[in-house]
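Q: Below is one structure. I have some questions about it.
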Amino acid sequence: MPPINKNESIRKSLSTRESRALSKLAGESRQIITISDIANALDIHRKSAKDMAFALKEKGWLERIAHGKYLIVPLSAGEDSVYTAHEFVIASALVEPMYIGYWSAMNHHGLTEQVPQTVYIVTPERARKREIHGVTYQPVSVTEQKFFGYQPTAVGSNHINISSIEKTLVDCADHPEFCGGIGELTKALQNAVDSRCSWKRVVEYLRRVGNGAATKRIVYLTDQLDIELPQYSALTEEFTTGYPLLDPTREATGTHDSTYQLRLNVDPETILPERHS
């Protein structure tokens, strides 16, 4: 039997009202809907909309991804309802406000060839880690001071907040553990040279974030890559005390470099292969 007939057999399991609600919401290019969306689509009470959402979930037409939020499973998913929307669209429904950041944003901007298996969500709120359709969604809670440097970006028919190239680099220097380590950040900085990256903005964002370790890592790595940073002298004069690890994902070994006030726990040759080839 052709696949379309299989899908039609599922469609028949819907009541007229359920079919009308899904057709209307899907026709508006919705991928993720709420209880309120169902209530508004049919002009019914919230309790009835909540019951309908539960019924549609049980029939395989909706998948709950967060409290009161559901992913519409389209006909194209087939009989077994195997389907997922773009990961960034799902991520945007898990917590608000938010933006896609760290390794996920690095990949989006073409700063790394690696495809992370985790979607990193930056938010000033507290949210828990989730796994949906085999994809891990990792919220990273930051202070309001650090929650900036993103813009709405088209993802299909949706607009999702994603950190800019400059903020992505600064965020990853702030927390290398969320971008695959200092080696990935080094590649991203090198790739940013050929992108529309504004190094002036990188410096502005470093100061605004206010993490001395992030500043030291960026200064050290750009020096190794022969990238000129504006206001270089001012940045080095503002170095904070202490010797943070160059790569906090590695063991606390290596020498203490007084020039950068960093503990160099990574061999430069392992993160700068092209330079030393």
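Order determines the names: the first chain of the structure tokens is A, the second B, and so forth; residues in each chain are numbered 1 upward, and ligands are numbered 1 upward as they are shown.
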List every residue of region 73-265 of chain A that DSSP, applied to the backbone of this structure, assigns to helix (DSSP H, G or I), and report them as a PyMOL selection string.
A: chain A and resi 75-77+87-94+102-108+144-146+165-174+176-178+182-192+199-209+212-224+232-237
Q: Find the residue from A:Leu22, A:Ile165, A:Met52, A:Ala93 that sits nearest to Leu189 (chain A); use only C-alpha atoms when measuring.
A: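 For Leu189 (chain A), the nearest of the given residues is A:Ile165.
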Q: Could you give me, as JSON, numbers by chain, the residues within 6 Å of region 209-214 of chain A, counting only C-alpha atoms and dropping anything in the same chain fewer than 6 positions from it?
A: {"A": [146, 173, 174, 240]}
Q: Convert the current residue selection to file output with N, CA and C atoms, as a PDB file, in the first residue's frame.
A:
```pdb
ATOM      1  N   LYS A 146      25.430  38.985  31.007  1.00  0.00           N
ATOM      2  CA  LYS A 146      25.999  38.254  29.874  1.00  0.00           C
ATOM      3  C   LYS A 146      24.967  37.910  28.798  1.00  0.00           C
ATOM      4  N   ALA A 173      34.983  31.592  24.853  1.00  0.00           N
ATOM      5  CA  ALA A 173      36.173  31.880  25.659  1.00  0.00           C
ATOM      6  C   ALA A 173      35.803  31.927  27.136  1.00  0.00           C
ATOM      7  N   ASP A 174      34.588  32.357  27.417  1.00  0.00           N
ATOM      8  CA  ASP A 174      34.079  32.403  28.786  1.00  0.00           C
ATOM      9  C   ASP A 174      33.862  30.992  29.332  1.00  0.00           C
ATOM     10  N   THR A 240      43.196  40.527  35.027  1.00  0.00           N
ATOM     11  CA  THR A 240      42.895  40.285  36.431  1.00  0.00           C
ATOM     12  C   THR A 240      43.993  39.422  37.043  1.00  0.00           C
TER      13      THR A 240
END
```
Q: Determine the nearest neighbour of Gly183 (chain A) from the options A:Arg217, A:His67, A:Arg207, A:Lys47, counting only C-alpha atoms.
A: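 Nearest candidate to Gly183 (chain A) out of A:Arg217, A:His67, A:Arg207, A:Lys47: A:Arg217.
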Q: Give me, as CSV, the closest atom pair and its distance (Å, one decimal) for every residue of region 127-166 of chain A within a cut-off of 10 Å of region 26-34 of chain A, counting only C-alpha atoms, rows sorted by chain and rising number.
A:
```
residue,atom,partner,partner_atom,distance
A:Gly156,CA,A:Ser29,CA,9.7
A:Ser157,CA,A:Ser29,CA,7.0
A:Asn158,CA,A:Arg30,CA,8.7
```
Q: Print the selection's residues with C-alpha atoms to a file, as a PDB file, in the first residue's frame.
A:
```pdb
ATOM      1  CA  GLY A 156      12.736  27.783   7.943  1.00  0.00           C
ATOM      2  CA  SER A 157       9.557  29.748   8.553  1.00  0.00           C
ATOM      3  CA  ASN A 158      10.658  30.652  12.079  1.00  0.00           C
TER       4      ASN A 158
END
```
Q: Using only C-alpha atoms, which protein or nucleic acid residues come within 9 Å of region 201-206 of chain A? Drop anything in the same chain fewer than 6 positions from it, and give the result as a list of chain:residue names.
A: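 So, after excluding close chain neighbours, the residues are A:Gly149, A:Ile165, A:Glu166, A:Lys167, A:Leu169, A:Val170, A:Asp171, A:Asp174, A:Gly212, A:Ala214, A:Thr215, A:Ile218, A:Leu229, A:Pro230, A:Gln231, A:Tyr232, A:Leu235.
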